[in-house]
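A.B. asks: Handing over protein_14.csv, CSV, C-alpha atoms.
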```csv
chain,number,residue,atom,x,y,z
A,1,MET,CA,36.7,19.9,-19.5
A,2,LEU,CA,34.8,16.7,-18.7
A,3,ARG,CA,33.8,14.1,-21.2
A,4,GLU,CA,32.0,10.8,-20.7
A,5,GLU,CA,32.1,7.8,-23.0
A,6,THR,CA,30.6,4.3,-22.9
A,7,VAL,CA,32.6,1.2,-23.9
A,8,ARG,CA,31.1,-2.2,-24.6
A,9,THR,CA,33.5,-5.0,-23.6
A,10,PRO,CA,33.4,-8.2,-25.6
A,11,ALA,CA,34.2,-11.0,-23.1
A,12,PRO,CA,34.6,-11.9,-19.4
A,13,GLN,CA,38.2,-10.7,-19.5
A,14,ALA,CA,39.4,-8.4,-22.3
A,15,PHE,CA,41.3,-5.3,-23.0
A,16,VAL,CA,39.6,-2.6,-25.2
A,17,ASP,CA,41.9,0.0,-26.8
A,18,VAL,CA,40.5,3.5,-25.8
A,19,THR,CA,43.4,5.6,-26.9
A,20,ALA,CA,41.4,7.3,-29.7
A,21,LEU,CA,38.6,8.2,-27.2
A,22,VAL,CA,41.1,9.9,-24.8
A,23,ARG,CA,42.9,11.6,-27.7
A,24,LYS,CA,39.6,12.9,-29.0
A,25,ALA,CA,38.8,14.4,-25.6
A,26,VAL,CA,42.2,16.2,-25.6
A,27,LYS,CA,41.6,17.6,-29.1
A,28,THR,CA,38.1,18.7,-28.2
A,29,ALA,CA,39.4,20.5,-25.1
A,30,GLY,CA,41.8,22.3,-27.4
A,31,ILE,CA,44.5,22.7,-24.9
A,32,GLN,CA,48.2,22.8,-25.6
A,33,GLU,CA,49.7,21.7,-22.3
A,34,GLY,CA,48.1,20.1,-19.2
A,35,HIS,CA,47.1,16.9,-17.4
A,36,VAL,CA,44.4,14.4,-18.3
A,37,LEU,CA,42.8,12.0,-15.9
A,38,VAL,CA,40.9,9.0,-17.3
A,39,SER,CA,38.7,7.1,-14.8
A,40,VAL,CA,36.7,3.9,-15.1
A,41,PRO,CA,34.1,4.3,-12.3
A,42,HIS,CA,33.8,0.6,-11.7
A,43,THR,CA,35.3,-1.9,-9.3
A,44,THR,CA,35.8,-4.9,-11.6
A,45,ALA,CA,37.3,-3.0,-14.5
A,46,ALA,CA,40.4,-0.9,-14.7
A,47,LEU,CA,42.8,0.9,-17.0
A,48,THR,CA,46.4,0.2,-18.2
A,49,VAL,CA,48.9,1.4,-20.7
A,50,ASN,CA,50.6,-1.3,-22.7
A,51,GLU,CA,51.7,-2.4,-26.1
A,52,ASN,CA,49.4,-1.6,-29.0
A,53,ALA,CA,51.0,-3.6,-31.7
A,54,ASP,CA,51.1,-7.4,-31.1
A,55,PRO,CA,47.7,-8.5,-29.6
A,56,SER,CA,49.5,-11.5,-28.0
A,57,VAL,CA,50.9,-9.2,-25.4
A,58,VAL,CA,47.4,-8.6,-24.1
A,59,SER,CA,46.5,-12.3,-24.1
A,60,ASP,CA,49.8,-13.1,-22.3
A,61,LEU,CA,48.9,-10.5,-19.7
A,62,LEU,CA,45.4,-11.8,-19.1
A,63,ARG,CA,46.6,-15.4,-18.9
A,64,ARG,CA,49.5,-14.7,-16.5
A,65,LEU,CA,47.2,-12.6,-14.3
A,66,GLU,CA,44.7,-15.4,-14.3
A,67,ALA,CA,47.4,-17.9,-13.3
A,68,ALA,CA,48.4,-15.8,-10.3
A,69,PHE,CA,44.8,-14.8,-9.4
A,70,PRO,CA,42.4,-17.4,-10.7
A,71,THR,CA,38.7,-16.6,-11.3
A,72,ASN,CA,37.6,-19.4,-9.0
A,73,ASP,CA,39.0,-19.6,-5.5
A,74,PRO,CA,37.0,-21.6,-3.0
A,75,ALA,CA,38.3,-19.5,-0.2
A,76,ASP,CA,36.6,-16.3,-1.5
A,77,GLY,CA,34.0,-14.9,0.9
A,78,HIS,CA,32.4,-12.5,-1.6
A,79,GLY,CA,29.2,-14.1,-2.9
A,80,GLU,CA,29.3,-12.8,-6.5
A,81,GLY,CA,32.3,-14.9,-7.3
A,82,ASN,CA,34.3,-12.0,-8.9
A,83,SER,CA,36.8,-11.3,-6.2
A,84,HIS,CA,39.5,-12.0,-8.7
A,85,ALA,CA,38.2,-9.1,-10.9
A,86,HIS,CA,38.2,-6.8,-7.9
A,87,LEU,CA,41.8,-7.6,-7.2
A,88,LYS,CA,43.0,-7.3,-10.8
A,89,SER,CA,41.3,-3.9,-10.9
A,90,SER,CA,43.1,-2.7,-7.8
A,91,LEU,CA,46.4,-3.9,-9.2
A,92,PHE,CA,46.0,-2.0,-12.5
A,93,GLY,CA,44.1,1.0,-11.1
A,94,SER,CA,40.9,2.6,-12.2
A,95,CYS,CA,42.1,6.2,-12.7
A,96,HIS,CA,45.2,7.0,-14.7
A,97,PRO,CA,47.0,10.3,-15.4
A,98,PHE,CA,48.4,11.4,-18.8
A,99,ILE,CA,50.5,14.3,-19.9
A,100,VAL,CA,49.4,16.7,-22.7
A,101,ALA,CA,52.1,18.6,-24.6
A,102,GLU,CA,51.9,20.4,-27.9
A,103,GLY,CA,48.2,19.8,-28.1
A,104,ASP,CA,48.4,16.0,-27.9
A,105,LEU,CA,48.7,13.1,-25.4
A,106,VAL,CA,52.3,12.2,-24.5
A,107,LEU,CA,52.5,8.5,-25.3
A,108,GLY,CA,55.4,6.3,-26.5
A,109,THR,CA,55.3,4.7,-29.9
A,110,TRP,CA,54.1,1.4,-28.6
A,111,GLN,CA,51.9,2.7,-25.8
A,112,GLY,CA,48.1,2.3,-26.1
A,113,ILE,CA,45.5,3.0,-23.4
A,114,TYR,CA,43.3,0.0,-22.5
A,115,LEU,CA,40.1,-0.4,-20.6
A,116,CYS,CA,40.6,-3.7,-18.8
A,117,GLU,CA,37.5,-5.8,-18.3
A,118,PHE,CA,37.8,-8.4,-15.7
A,119,ASP,CA,34.1,-9.3,-15.2
A,120,GLY,CA,32.3,-8.8,-18.5
A,121,PRO,CA,31.0,-8.6,-21.0
A,122,ARG,CA,29.4,-5.3,-19.9
A,123,THR,CA,28.9,-1.7,-20.9
A,124,ARG,CA,31.4,0.4,-19.0
A,125,LYS,CA,31.7,4.1,-18.4
A,126,LEU,CA,34.8,6.2,-19.1
A,127,VAL,CA,35.2,9.7,-17.5
A,128,ILE,CA,37.9,11.9,-19.0
A,129,SER,CA,39.0,15.2,-17.4
A,130,VAL,CA,41.3,17.6,-19.2
A,131,LEU,CA,43.1,20.3,-17.1
A,132,ALA,CA,45.0,23.0,-18.9
A,133,ALA,CA,48.2,24.5,-17.7
A,134,HIS,CA,48.3,28.3,-17.1
A,135,PRO,CA,48.4,30.2,-20.3
B,1,MET,CA,56.4,23.0,-17.8
B,2,LEU,CA,57.7,20.0,-19.6
B,3,ARG,CA,61.1,18.4,-19.2
B,4,GLU,CA,62.6,15.3,-20.7
B,5,GLU,CA,65.4,13.2,-19.3
B,6,THR,CA,67.2,10.0,-20.4
B,7,VAL,CA,68.1,7.3,-18.0
B,8,ARG,CA,70.5,4.4,-18.7
B,9,THR,CA,69.4,1.2,-17.0
B,10,PRO,CA,72.2,-1.2,-15.9
B,11,ALA,CA,70.7,-4.7,-16.1
B,12,PRO,CA,67.8,-6.8,-17.5
B,13,GLN,CA,65.7,-5.9,-14.3
B,14,ALA,CA,66.8,-3.0,-12.1
B,15,PHE,CA,65.4,0.0,-10.3
B,16,VAL,CA,67.1,3.4,-10.9
B,17,ASP,CA,66.5,6.2,-8.4
B,18,VAL,CA,65.2,9.2,-10.4
B,19,THR,CA,64.0,11.3,-7.4
B,20,ALA,CA,66.7,13.9,-8.0
B,21,LEU,CA,65.7,14.3,-11.7
B,22,VAL,CA,62.0,14.9,-10.7
B,23,ARG,CA,63.0,17.2,-7.9
B,24,LYS,CA,65.2,19.2,-10.3
B,25,ALA,CA,62.2,19.6,-12.7
B,26,VAL,CA,60.1,21.0,-9.9
B,27,LYS,CA,62.8,23.5,-8.8
B,28,THR,CA,63.3,24.6,-12.4
B,29,ALA,CA,59.6,25.2,-12.9
B,30,GLY,CA,59.8,27.3,-9.7
B,31,ILE,CA,56.2,26.6,-8.6
B,32,GLN,CA,55.1,26.6,-5.0
B,33,GLU,CA,52.1,24.4,-5.2
B,34,GLY,CA,50.8,22.0,-7.9
B,35,HIS,CA,50.8,18.6,-9.4
B,36,VAL,CA,53.6,16.7,-11.2
B,37,LEU,CA,53.2,13.8,-13.6
B,38,VAL,CA,56.2,11.6,-14.4
B,39,SER,CA,55.9,9.3,-17.4
B,40,VAL,CA,58.0,6.5,-18.8
B,41,PRO,CA,56.8,6.3,-22.4
B,42,HIS,CA,57.7,2.6,-22.7
B,43,THR,CA,55.8,-0.6,-22.3
B,44,THR,CA,58.5,-2.8,-20.6
B,45,ALA,CA,59.6,-0.2,-18.0
B,46,ALA,CA,57.6,1.5,-15.3
B,47,LEU,CA,57.8,3.7,-12.2
B,48,THR,CA,57.3,3.1,-8.5
B,49,VAL,CA,57.8,4.8,-5.2
B,50,ASN,CA,59.4,2.8,-2.5
B,51,GLU,CA,62.1,2.7,0.1
B,52,ASN,CA,65.3,4.7,-0.7
B,53,ALA,CA,67.4,3.4,2.2
B,54,ASP,CA,68.1,-0.3,2.2
B,55,PRO,CA,68.8,-1.6,-1.3
B,56,SER,CA,67.7,-5.1,-0.3
B,57,VAL,CA,64.1,-3.8,-0.5
B,58,VAL,CA,64.5,-3.3,-4.2
B,59,SER,CA,66.2,-6.7,-4.7
B,60,ASP,CA,63.4,-8.4,-2.7
B,61,LEU,CA,60.8,-6.7,-4.8
B,62,LEU,CA,62.4,-7.8,-8.1
B,63,ARG,CA,62.9,-11.4,-6.8
B,64,ARG,CA,59.3,-11.7,-5.5
B,65,LEU,CA,57.9,-10.3,-8.7
B,66,GLU,CA,60.0,-12.7,-10.8
B,67,ALA,CA,58.8,-15.6,-8.7
B,68,ALA,CA,55.1,-14.7,-9.4
B,69,PHE,CA,55.7,-13.7,-13.0
B,70,PRO,CA,58.8,-15.5,-14.4
B,71,THR,CA,60.7,-14.2,-17.4
B,72,ASN,CA,60.3,-17.5,-19.2
B,73,ASP,CA,56.8,-18.9,-19.6
B,74,PRO,CA,56.4,-21.4,-22.4
B,75,ALA,CA,52.7,-20.4,-22.7
B,76,ASP,CA,53.5,-16.9,-23.8
B,77,GLY,CA,52.4,-16.0,-27.4
B,78,HIS,CA,54.4,-12.8,-27.7
B,79,GLY,CA,57.5,-13.6,-29.9
B,80,GLU,CA,59.9,-11.2,-28.1
B,81,GLY,CA,59.9,-13.2,-24.9
B,82,ASN,CA,59.3,-10.2,-22.7
B,83,SER,CA,55.7,-10.6,-21.8
B,84,HIS,CA,56.7,-10.8,-18.1
B,85,ALA,CA,58.1,-7.2,-18.5
B,86,HIS,CA,54.9,-5.9,-20.1
B,87,LEU,CA,52.9,-7.4,-17.2
B,88,LYS,CA,55.3,-6.0,-14.5
B,89,SER,CA,55.1,-2.6,-16.2
B,90,SER,CA,51.3,-2.6,-16.1
B,91,LEU,CA,51.3,-3.7,-12.5
B,92,PHE,CA,53.5,-0.8,-11.4
B,93,GLY,CA,52.2,1.8,-13.9
B,94,SER,CA,54.1,4.0,-16.4
B,95,CYS,CA,52.8,7.5,-15.4
B,96,HIS,CA,52.7,8.5,-11.7
B,97,PRO,CA,51.4,11.7,-10.1
B,98,PHE,CA,53.1,13.7,-7.3
B,99,ILE,CA,52.1,16.6,-5.1
B,100,VAL,CA,54.1,19.8,-4.9
B,101,ALA,CA,53.8,21.9,-1.8
B,102,GLU,CA,56.0,24.7,-0.5
B,103,GLY,CA,58.1,24.6,-3.7
B,104,ASP,CA,59.1,20.9,-3.3
B,105,LEU,CA,57.9,17.4,-4.0
B,106,VAL,CA,55.8,15.9,-1.2
B,107,LEU,CA,57.5,12.6,-0.4
B,108,GLY,CA,57.8,10.7,2.9
B,109,THR,CA,61.2,10.3,4.5
B,110,TRP,CA,61.8,6.8,3.1
B,111,GLN,CA,60.2,7.4,-0.3
B,112,GLY,CA,62.3,7.4,-3.4
B,113,ILE,CA,61.0,7.5,-7.1
B,114,TYR,CA,62.3,4.6,-9.1
B,115,LEU,CA,62.4,4.0,-12.8
B,116,CYS,CA,61.8,0.2,-13.0
B,117,GLU,CA,63.5,-1.6,-15.9
B,118,PHE,CA,62.0,-5.0,-16.7
B,119,ASP,CA,63.6,-5.6,-20.1
B,120,GLY,CA,67.1,-3.9,-20.2
B,121,PRO,CA,69.6,-2.8,-20.1
B,122,ARG,CA,68.4,0.1,-22.3
B,123,THR,CA,68.3,3.9,-22.5
B,124,ARG,CA,64.9,5.0,-21.3
B,125,LYS,CA,63.1,8.3,-21.6
B,126,LEU,CA,61.4,10.2,-18.7
B,127,VAL,CA,58.9,12.9,-19.3
B,128,ILE,CA,58.1,15.2,-16.4
B,129,SER,CA,55.2,17.7,-16.5
B,130,VAL,CA,54.7,20.3,-13.8
B,131,LEU,CA,51.3,22.0,-13.4
B,132,ALA,CA,51.0,25.0,-11.1
B,133,ALA,CA,48.0,25.7,-8.9
B,134,HIS,CA,46.3,29.0,-9.4
B,135,PRO,CA,48.3,31.8,-7.8
C,1,MET,CA,44.7,23.5,-1.6
C,2,LEU,CA,46.7,21.1,0.7
C,3,ARG,CA,45.2,19.1,3.5
C,4,GLU,CA,46.8,16.6,5.9
C,5,GLU,CA,45.0,13.9,7.8
C,6,THR,CA,46.1,11.1,10.1
C,7,VAL,CA,44.6,7.6,9.9
C,8,ARG,CA,45.0,4.9,12.6
C,9,THR,CA,45.1,1.4,11.1
C,10,PRO,CA,43.8,-1.4,13.1
C,11,ALA,CA,45.8,-4.5,12.1
C,12,PRO,CA,48.9,-5.8,10.4
C,13,GLN,CA,47.1,-5.8,7.1
C,14,ALA,CA,43.8,-3.9,6.7
C,15,PHE,CA,42.0,-1.4,4.5
C,16,VAL,CA,40.6,1.8,6.0
C,17,ASP,CA,37.9,3.6,4.0
C,18,VAL,CA,39.1,7.3,3.6
C,19,THR,CA,36.5,8.4,1.1
C,20,ALA,CA,34.9,10.8,3.5
C,21,LEU,CA,38.2,12.5,4.3
C,22,VAL,CA,39.0,13.0,0.6
C,23,ARG,CA,35.4,14.3,-0.1
C,24,LYS,CA,35.7,16.7,2.9
C,25,ALA,CA,39.0,18.1,1.4
C,26,VAL,CA,37.2,18.7,-1.9
C,27,LYS,CA,34.2,20.4,-0.3
C,28,THR,CA,36.6,22.6,1.8
C,29,ALA,CA,38.5,23.6,-1.2
C,30,GLY,CA,35.2,24.7,-2.7
C,31,ILE,CA,36.1,23.9,-6.3
C,32,GLN,CA,33.7,22.9,-9.0
C,33,GLU,CA,36.0,21.2,-11.4
C,34,GLY,CA,39.6,20.0,-11.1
C,35,HIS,CA,42.0,17.2,-10.1
C,36,VAL,CA,42.8,15.8,-6.7
C,37,LEU,CA,45.9,13.8,-5.6
C,38,VAL,CA,45.8,11.7,-2.5
C,39,SER,CA,49.2,10.5,-1.2
C,40,VAL,CA,50.2,8.2,1.5
C,41,PRO,CA,53.8,9.2,2.2
C,42,HIS,CA,54.9,5.8,3.4
C,43,THR,CA,56.5,2.7,1.8
C,44,THR,CA,54.5,-0.1,3.4
C,45,ALA,CA,51.1,1.4,3.0
C,46,ALA,CA,49.2,2.4,-0.2
C,47,LEU,CA,45.9,3.4,-1.6
C,48,THR,CA,43.3,1.7,-3.7
C,49,VAL,CA,39.8,2.2,-5.0
C,50,ASN,CA,37.5,-0.8,-4.7
C,51,GLU,CA,34.1,-2.0,-3.5
C,52,ASN,CA,32.6,-0.2,-0.5
C,53,ALA,CA,29.6,-2.5,0.1
C,54,ASP,CA,30.5,-6.1,0.9
C,55,PRO,CA,33.5,-6.1,3.3
C,56,SER,CA,34.3,-9.7,2.1
C,57,VAL,CA,35.7,-8.1,-1.0
C,58,VAL,CA,38.5,-6.5,1.0
C,59,SER,CA,39.2,-9.7,3.0
C,60,ASP,CA,39.4,-11.6,-0.3
C,61,LEU,CA,41.8,-9.1,-1.7
C,62,LEU,CA,44.1,-9.3,1.3
C,63,ARG,CA,44.0,-13.1,1.4
C,64,ARG,CA,44.7,-13.4,-2.3
C,65,LEU,CA,47.6,-10.9,-2.2
C,66,GLU,CA,49.0,-12.7,0.8
C,67,ALA,CA,48.9,-16.0,-1.0
C,68,ALA,CA,50.8,-14.6,-4.0
C,69,PHE,CA,53.2,-12.5,-1.8
C,70,PRO,CA,53.5,-14.1,1.7
C,71,THR,CA,54.6,-12.1,4.7
C,72,ASN,CA,57.3,-14.6,5.4
C,73,ASP,CA,59.8,-15.4,2.6
C,74,PRO,CA,63.1,-16.8,3.8
C,75,ALA,CA,64.8,-15.5,0.6
C,76,ASP,CA,64.1,-11.8,1.6
C,77,GLY,CA,67.3,-9.8,2.3
C,78,HIS,CA,65.6,-6.8,4.0
C,79,GLY,CA,66.2,-7.2,7.7
C,80,GLU,CA,62.8,-5.7,8.8
C,81,GLY,CA,60.9,-8.7,7.5
C,82,ASN,CA,58.3,-6.5,5.7
C,83,SER,CA,59.4,-6.8,2.1
C,84,HIS,CA,56.0,-8.2,1.3
C,85,ALA,CA,54.5,-4.9,2.5
C,86,HIS,CA,56.8,-2.9,0.3
C,87,LEU,CA,55.9,-5.0,-2.7
C,88,LYS,CA,52.1,-4.8,-2.1
C,89,SER,CA,52.4,-1.0,-1.7
C,90,SER,CA,54.2,-0.7,-5.0
C,91,LEU,CA,51.5,-2.8,-6.7
C,92,PHE,CA,48.7,-0.6,-5.4
C,93,GLY,CA,50.5,2.7,-5.6
C,94,SER,CA,50.9,5.4,-2.9
C,95,CYS,CA,49.6,8.4,-4.8
C,96,HIS,CA,46.3,8.3,-6.6
C,97,PRO,CA,44.5,10.9,-8.8
C,98,PHE,CA,40.8,11.6,-8.7
C,99,ILE,CA,38.5,13.8,-10.9
C,100,VAL,CA,36.3,16.5,-9.4
C,101,ALA,CA,33.2,17.6,-11.3
C,102,GLU,CA,30.2,19.6,-10.2
C,103,GLY,CA,31.9,20.3,-6.9
C,104,ASP,CA,32.3,16.6,-5.9
C,105,LEU,CA,34.6,13.6,-6.4
C,106,VAL,CA,33.8,11.5,-9.5
C,107,LEU,CA,33.4,8.0,-8.1
C,108,GLY,CA,31.2,5.1,-9.2
C,109,THR,CA,28.3,3.9,-7.0
C,110,TRP,CA,30.4,1.0,-5.5
C,111,GLN,CA,33.8,2.8,-5.4
C,112,GLY,CA,35.4,3.6,-2.1
C,113,ILE,CA,38.9,5.0,-1.5
C,114,TYR,CA,40.9,2.8,0.9
C,115,LEU,CA,44.2,3.4,2.7
C,116,CYS,CA,45.8,0.0,2.5
C,117,GLU,CA,47.9,-1.0,5.5
C,118,PHE,CA,50.4,-3.8,4.9
C,119,ASP,CA,52.6,-3.4,7.9
C,120,GLY,CA,50.5,-2.2,10.8
C,121,PRO,CA,49.0,-1.3,13.0
C,122,ARG,CA,50.3,2.2,12.8
C,123,THR,CA,49.3,5.8,12.5
C,124,ARG,CA,49.6,6.8,8.8
C,125,LYS,CA,49.6,10.2,7.1
C,126,LEU,CA,47.3,11.2,4.2
C,127,VAL,CA,48.2,14.2,2.1
C,128,ILE,CA,45.4,15.6,-0.2
C,129,SER,CA,46.0,18.2,-2.9
C,130,VAL,CA,43.1,19.8,-4.7
C,131,LEU,CA,43.9,21.6,-8.0
C,132,ALA,CA,41.1,23.7,-9.6
C,133,ALA,CA,40.5,24.0,-13.3
C,134,HIS,CA,40.6,27.4,-14.8
C,135,PRO,CA,37.5,29.4,-14.0
```
Translate the structure described by the file into structure tokens.

C.D. replies:
Amino acid sequence: MLREETVRTPAPQAFVDVTALVRKAVKTAGIQEGHVLVSVPHTTAALTVNENADPSVVSDLLRRLEAAFPTNDPADGHGEGNSHAHLKSSLFGSCHPFIVAEGDLVLGTWQGIYLCEFDGPRTRKLVISVLAAHP
Amino acid sequence: MLREETVRTPAPQAFVDVTALVRKAVKTAGIQEGHVLVSVPHTTAALTVNENADPSVVSDLLRRLEAAFPTNDPADGHGEGNSHAHLKSSLFGSCHPFIVAEGDLVLGTWQGIYLCEFDGPRTRKLVISVLAAHP
Amino acid sequence: MLREETVRTPAPQAFVDVTALVRKAVKTAGIQEGHVLVSVPHTTAALTVNENADPSVVSDLLRRLEAAFPTNDPADGHGEGNSHAHLKSSLFGSCHPFIVAEGDLVLGTWQGIYLCEFDGPRTRKLVISVLAAHP
């Protein structure tokens, strides 16, 4: 089962929690066991799984990434000035797999799924594909 | 087929080879062809695939990661002091896919699957899901 | 369905666009909906999805990665002198999932699939596994 969602990102660099959207797709598919793929079909946004409790984890991640791979780098050849966002997206990955068991996503207590915006704000697409195990 | 394992990590930052655990799950499932997902349902541990021969590769990886993203960063807002571990986990990823063919994991000669501990030592969970191709 | 390809990489560090090879495997499998895994069974090469239009994006990525994780690091213990390549491979990942819908790969307009060589030039293997959804 395939599902598409759109996500509005609020800032040049931000994480948006999309766990509920992915969970909804799993529930709608109605499967008990299987695999889910979540894809962000963009090249300056990505996905990650990380802590869903203290928001300072996300801001620490963004600040540390920016320190290692700063937005502005005079050596960049790409004219749009967003090579940093392309690199951060490749580091986090744009398509992530998840396990479904007992009708729900297998996630740890502190795990949330984030759409990672590195060149926003924009409206981003999320494609979710649910594949059932053999009955 | 779903399988859970626990893995004890020996140090604050360490890689533990879990290839045999994943291989065992594939053999137990008894499938010939399919996809496997391996998930570490934590936010300060991750998975990676890398060289299984010379252990200095793993120590070089940990040292180089630590140089780029040091454990202690006075700018971190997260009170637990493990933001570096959250970032390293997002960079490596907590759920990885693997191909099964001819009844076994498809891995290169030098590829081993590692559970990557970035905030240990702890007992970590490993969830393995094996999905068979259509017969 | 399983398919193997070989890819010749042209330089010590380079990205080779393999989108057409992956697309061909999907078409050959003839499935309408499902999941694809693409694996590079090596430890100093990887895969990523990124911009397929302006080649300066790729050169910016390689240059920025090299700045953060230089080829030569006197602290490396691994005798082959390619620890940087092992790390870059772990950061990008050697097995990536893709969604198939309506008989084709789900990719954004600007997304291309790259085999990332970090210790070449070499001949690398690509393993592609296509898993169909239930009919």

A.B. asks: What gap, in Å, lies between CA of Thr48 (chain A) and CA of Ser89 (chain A)?

C.D. replies: 9.8 Å

A.B. asks: Taking all atoms listed in the file into account, what are the residues of chain A at most 8 Å from chain B, put as a PyMOL selection string?

C.D. replies: chain A and resi 34-35+48-51+54+56-57+59-61+64+68+91-92+96-99+101+106-111+133-134

A.B. asks: When you count all atoms listed in the file, which of these residues is closest to Ala29 (chain B): B:Val100, B:Pro12, B:Leu65, B:Ala45?

C.D. replies: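 Of the candidates, the smallest distance to Ala29 (chain B) is held by B:Val100.
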
A.B. asks: Enter the distance from CA of Arg124 (chain B) to CA of Leu105 (chain A), in Å, rounded to one decimal.

C.D. replies: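 Interatomic distance here is 18.6 Å.
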
A.B. asks: Considering only C-alpha atoms, can you say which of C:Ala67, C:Gly112, C:Asp104, C:Gly120 comes closest to Ala14 (chain C)?

C.D. replies: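 Among the listed residues, C:Gly120 lies closest to Ala14 (chain C).
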
A.B. asks: What would region 101-107 of chain B look like with all heavy atoms in place, written as a PDB file, in the frame of the given file?

C.D. replies:
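Output saved as rebuild_34.pdb:
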```pdb
ATOM      1  N   ALA B 101      54.249  20.955  -2.835  1.00  0.00           N
ATOM      2  CA  ALA B 101      53.800  21.900  -1.800  1.00  0.00           C
ATOM      3  C   ALA B 101      55.036  22.641  -1.287  1.00  0.00           C
ATOM      4  O   ALA B 101      56.111  22.044  -1.163  1.00  0.00           O
ATOM      5  CB  ALA B 101      53.071  21.202  -0.687  1.00  0.00           C
ATOM      6  N   GLU B 102      54.876  23.914  -0.986  1.00  0.00           N
ATOM      7  CA  GLU B 102      56.000  24.700  -0.500  1.00  0.00           C
ATOM      8  C   GLU B 102      57.225  24.586  -1.408  1.00  0.00           C
ATOM      9  O   GLU B 102      58.361  24.477  -0.938  1.00  0.00           O
ATOM     10  CB  GLU B 102      56.342  24.375   0.943  1.00  0.00           C
ATOM     11  CG  GLU B 102      55.165  24.673   1.878  1.00  0.00           C
ATOM     12  CD  GLU B 102      55.413  24.225   3.324  1.00  0.00           C
ATOM     13  OE1 GLU B 102      56.564  23.909   3.663  1.00  0.00           O
ATOM     14  OE2 GLU B 102      54.435  24.206   4.097  1.00  0.00           O
ATOM     15  N   GLY B 103      56.986  24.553  -2.712  1.00  0.00           N
ATOM     16  CA  GLY B 103      58.100  24.600  -3.700  1.00  0.00           C
ATOM     17  C   GLY B 103      58.839  23.260  -3.834  1.00  0.00           C
ATOM     18  O   GLY B 103      59.858  23.208  -4.523  1.00  0.00           O
ATOM     19  N   ASP B 104      58.347  22.179  -3.205  1.00  0.00           N
ATOM     20  CA  ASP B 104      59.100  20.900  -3.300  1.00  0.00           C
ATOM     21  C   ASP B 104      58.117  19.731  -3.433  1.00  0.00           C
ATOM     22  O   ASP B 104      56.931  19.832  -3.112  1.00  0.00           O
ATOM     23  CB  ASP B 104      59.967  20.720  -2.069  1.00  0.00           C
ATOM     24  CG  ASP B 104      61.078  19.690  -2.291  1.00  0.00           C
ATOM     25  OD1 ASP B 104      61.239  19.206  -3.427  1.00  0.00           O
ATOM     26  OD2 ASP B 104      61.780  19.370  -1.312  1.00  0.00           O
ATOM     27  N   LEU B 105      58.657  18.610  -3.904  1.00  0.00           N
ATOM     28  CA  LEU B 105      57.900  17.400  -4.000  1.00  0.00           C
ATOM     29  C   LEU B 105      57.465  16.931  -2.577  1.00  0.00           C
ATOM     30  O   LEU B 105      58.257  16.993  -1.630  1.00  0.00           O
ATOM     31  CB  LEU B 105      58.809  16.242  -4.489  1.00  0.00           C
ATOM     32  CG  LEU B 105      58.997  16.044  -5.978  1.00  0.00           C
ATOM     33  CD1 LEU B 105      59.960  14.888  -6.195  1.00  0.00           C
ATOM     34  CD2 LEU B 105      57.661  15.767  -6.660  1.00  0.00           C
ATOM     35  N   VAL B 106      56.224  16.468  -2.440  1.00  0.00           N
ATOM     36  CA  VAL B 106      55.800  15.900  -1.200  1.00  0.00           C
ATOM     37  C   VAL B 106      56.092  14.385  -1.201  1.00  0.00           C
ATOM     38  O   VAL B 106      55.454  13.602  -1.907  1.00  0.00           O
ATOM     39  CB  VAL B 106      54.249  16.094  -0.984  1.00  0.00           C
ATOM     40  CG1 VAL B 106      53.749  15.306   0.222  1.00  0.00           C
ATOM     41  CG2 VAL B 106      53.938  17.570  -0.817  1.00  0.00           C
ATOM     42  N   LEU B 107      57.133  14.013  -0.479  1.00  0.00           N
ATOM     43  CA  LEU B 107      57.500  12.600  -0.400  1.00  0.00           C
ATOM     44  C   LEU B 107      57.799  12.295   1.091  1.00  0.00           C
ATOM     45  O   LEU B 107      58.267  13.165   1.837  1.00  0.00           O
ATOM     46  CB  LEU B 107      58.809  12.323  -1.174  1.00  0.00           C
ATOM     47  CG  LEU B 107      58.709  12.269  -2.697  1.00  0.00           C
ATOM     48  CD1 LEU B 107      60.089  12.038  -3.313  1.00  0.00           C
ATOM     49  CD2 LEU B 107      57.754  11.157  -3.156  1.00  0.00           C
TER      50      LEU B 107
END
```
